[in-house]
Amino acid sequence: MDADSDVALDILITNVVCVFRTRCHLNLRKIALEGANVIYKRDVGKVLMKLRKPRITATIWSSGKVICTGATSEEEAKLGARRLARSLQKLGFQVIFTDFKVVNVLAVCNMPFEIRLPEFTKNNRPHASYEPELHPAVCYRIKTLRATLQIFSTGSITVTGPNIKAVASAVEQIYPFVFESRK
Amino acid sequence: LIFLLSLDVLPRVTCPNHPDSILVEDYRAGDMICSECGLVVGDRVIDVGSEWRTFSNDKATKDPSRVGDTQNPLLSDGDLSTMIGKGTGAASFDEFGNSKYQNRRTMSSSDRAMMNAFKEITNMADRINLPRNIVDRTNNLFKQVYEQKSLKGRSNDAIASACLYIACRQEGVPRTFKGNLIFTLCLEICAVSRISKKEIGRCFKLILKALETSVDLITTGDFMSRFCSNLGLPKQVQMAATHIARKAVELDLVPGRSPISVAAAAIYMASQASAEKRTQKEIGDIAGVADVTIRQSYRLIYPRAPDLFPADFKFDTPVDKLPQL
């Protein structure tokens, strides 16, 4: 989560997405009527519940699966998920907090230099894909880490990966390549 | 007796002495002859080309072909199927004058979707006057993608459009009498296809991944001749615009801007400096970029305008009088 030892790069985690199960069927109508801060999307069949304390938005399905987005760290995500489960419990459902898993972590990182994208793509042919007509960033995929990095010409990089460690090591991996094609 | 298909890419026989040499076909005798030693390797080769040449303005009451259409083994899975042809005698018509046995039976049903796609591809390519080699390349790409089945869920038209785009890019920038042939996703392919640019772009990326190929990056010069000729700009202005765009990219005045936007801004600057002025809206229409986008890119290159023009350019409007947006 923190900076590299050689280079002081700040990797800011902007979003952590996690899922958990309540192991019981949830009555969405009841949640919509009695819960606080909820939005009922009847056409899709889900309820959005927003928490204030850890700023979290949760998508609740009637099967009992819940997707939690908006947290800024893994611990916060767990805390928020637990708090959510507690509030569902207060509404009267027999909630059991199981199968908690962090699914996706989004982080932003800023390089102190600008990057030449065409040069970078040429040097990293199979992994990098750049289509200026579609998106102004280069999309670099690291298969081993299952991480995707979007590299912009201003030097800011958006990383998404399955967990925080993967994200950090992705940034470490990409740094030398990006450094080569700097301005 | 060895029967060979003359359209085979990989000949199934080779000369025993020279396995690498190309076999020359002798149509008169139906032989395949080794080009190195002259040994007749294939005997009684069956030519599966078309029997007669048919022209569209011929009175097509009689179809003289006795063996059907040309075989296309490279693309379809072999054209072997049974069809019911148009009737000739009186017995083939029932009471009302309709022909009995109306249906021409479905041909090669396993690849009907593929043949449909080929027809679509030919139609699209026709609308933008693409040469046959690009169409062939597109067909090959489509076949590969179709066989892989990794993009099976996507609309066939979307895959066909994306294949067409890839084929154009792969062909590089050949100079024909029609000018450059690198195509922009938004403008050309969208214009002839009903699929949205987003969907074509998605399929394009998926196909590149599925076939493990990549394409070269587009540059500003690729589109210059086409845009300029569409706008009716003289050669001088086109050369100036090309120079401006290239210089702008070299000096890195426009980081992160799509090459097409930069090209459009360069054309705007060049045309405004010459006698043939074009508005941003006109250029935006041709290039497929919004006029605000041209404005943005123009603002980036405007400060260095005197350096970007070629040395021998004749200014109708001097550099300091160029419009400032």
# chains A, B, ... in the order shown; residues from 1 in each chain; ligands from 1
>>> select_by_dssp(residues="segment 119-161 of chain A", states="strand (DSSP E or B)", output="list of chain:residue names")
A:Ala128, A:Ser129, A:Tyr130, A:Val138, A:Cys139, A:Tyr140, A:Arg141, A:Ile142, A:Ala147, A:Thr148, A:Leu149, A:Gln150, A:Ile151, A:Ser156, A:Ile157, A:Thr158, A:Val159, A:Thr160, A:Gly161
>>> closest_atom_pairs(of="chain A", to="chain B", cutoff="8 Å", atoms="only C-alpha atoms", output="CSV")
residue,atom,partner,partner_atom,distance
A:Arg116,CA,B:Pro255,CA,7.9
A:Leu117,CA,B:Gly256,CA,7.9
A:Pro118,CA,B:Leu217,CA,7.3
A:Arg125,CA,B:Ser214,CA,7.9
A:Pro126,CA,B:Ser214,CA,7.8
A:Tyr130,CA,B:Leu217,CA,7.9
A:Glu131,CA,B:Leu217,CA,7.7
A:Pro132,CA,B:Ser258,CA,5.0
A:Glu133,CA,B:Ser258,CA,5.9
A:Leu134,CA,B:Gly201,CA,6.9
A:Pro136,CA,B:Gly256,CA,6.0
A:Ala137,CA,B:Gly256,CA,7.8
A:Phe152,CA,B:Gly256,CA,7.4
A:Ser153,CA,B:Gly256,CA,5.5
A:Thr154,CA,B:Gly256,CA,7.7
>>> select_by_dssp(residues="segment 137-285 of chain B", states="helix (DSSP H, G or I)", output="ChimeraX atom specification")
/B:137-148,156-170,185-192,197-211,221-231,235-250,259-273,280-285
>>> residues_around(residues="Ile31 of chain A", least_positions_apart="2", cutoff="10 Å", atoms="only C-alpha atoms", output="PyMOL selection string")
chain A and resi 26-29+33-36+38-40+47-49+60+87-88+91-93
>>> residues_around(residues="Asn140 of chain B", least_positions_apart="6", cutoff="10 Å", atoms="only C-alpha atoms", output="list in words")
Leu74, Leu75, Phe118, Ile134, Tyr146, Cys163 and Ala167 of chain B
>>> write_last_selection(atoms="N, CA and C atoms", output="compact mmCIF listing (two decimals), in the first residue's frame")
# COMPACT_ATOMS: atom_id res chain seq x y z
N LEU B 74 -11.11 -22.13 -49.67
CA LEU B 74 -10.37 -21.44 -48.63
C LEU B 74 -11.31 -20.86 -47.60
N LEU B 75 -12.48 -20.47 -48.02
CA LEU B 75 -13.33 -19.74 -47.11
C LEU B 75 -14.45 -20.59 -46.55
N PHE B 118 -19.83 -12.79 -45.35
CA PHE B 118 -18.99 -12.44 -46.50
C PHE B 118 -19.73 -11.51 -47.43
N ILE B 134 -8.10 -6.36 -49.99
CA ILE B 134 -8.53 -6.08 -48.61
C ILE B 134 -9.73 -6.93 -48.26
N TYR B 146 -14.27 -16.80 -36.75
CA TYR B 146 -15.48 -17.61 -36.66
C TYR B 146 -15.15 -19.01 -36.20
N CYS B 163 -13.34 -6.78 -38.57
CA CYS B 163 -12.37 -7.47 -39.43
C CYS B 163 -11.98 -6.58 -40.60
N ALA B 167 -8.26 -5.39 -41.48
CA ALA B 167 -7.66 -5.67 -42.78
C ALA B 167 -7.12 -4.39 -43.40
>>> residues_around(residues="Ala85 of chain A", least_positions_apart="4", cutoff="8 Å", atoms="only C-alpha atoms", output="ChimeraX atom specification")
/A:22,81,89,95-97
>>> write_last_selection(atoms="N, CA and C atoms", output="tab-separated table (two decimals), in the first residue's frame")
chain	number	residue	atom	x	y	z
A	22	THR	N	-25.07	-13.40	2.91
A	22	THR	CA	-25.78	-13.39	4.19
A	22	THR	C	-26.41	-14.74	4.49
A	81	ALA	N	-18.73	-3.82	5.38
A	81	ALA	CA	-19.56	-4.97	5.07
A	81	ALA	C	-20.21	-5.50	6.35
A	89	GLN	N	-29.40	-7.25	9.91
A	89	GLN	CA	-29.82	-8.07	11.03
A	89	GLN	C	-30.88	-7.32	11.85
A	95	VAL	N	-29.10	-12.97	9.55
A	95	VAL	CA	-27.93	-12.76	8.71
A	95	VAL	C	-26.72	-13.46	9.30
A	96	ILE	N	-26.01	-14.20	8.46
A	96	ILE	CA	-24.72	-14.78	8.85
A	96	ILE	C	-23.68	-14.21	7.90
A	97	PHE	N	-22.64	-13.64	8.42
A	97	PHE	CA	-21.64	-12.95	7.60
A	97	PHE	C	-20.63	-13.97	7.08
>>> residues_around(residues="Ile115 of chain A", least_positions_apart="5", cutoff="7 Å", atoms="only C-alpha atoms", output="number ranges by chain")
A: 153-155, 178, 181-183
>>> closest_residue(among="B:Val262, B:Ile294, B:Ala240, B:Ala287", to="Pro306 of chain B", atoms="only C-alpha atoms")
B:Ala240
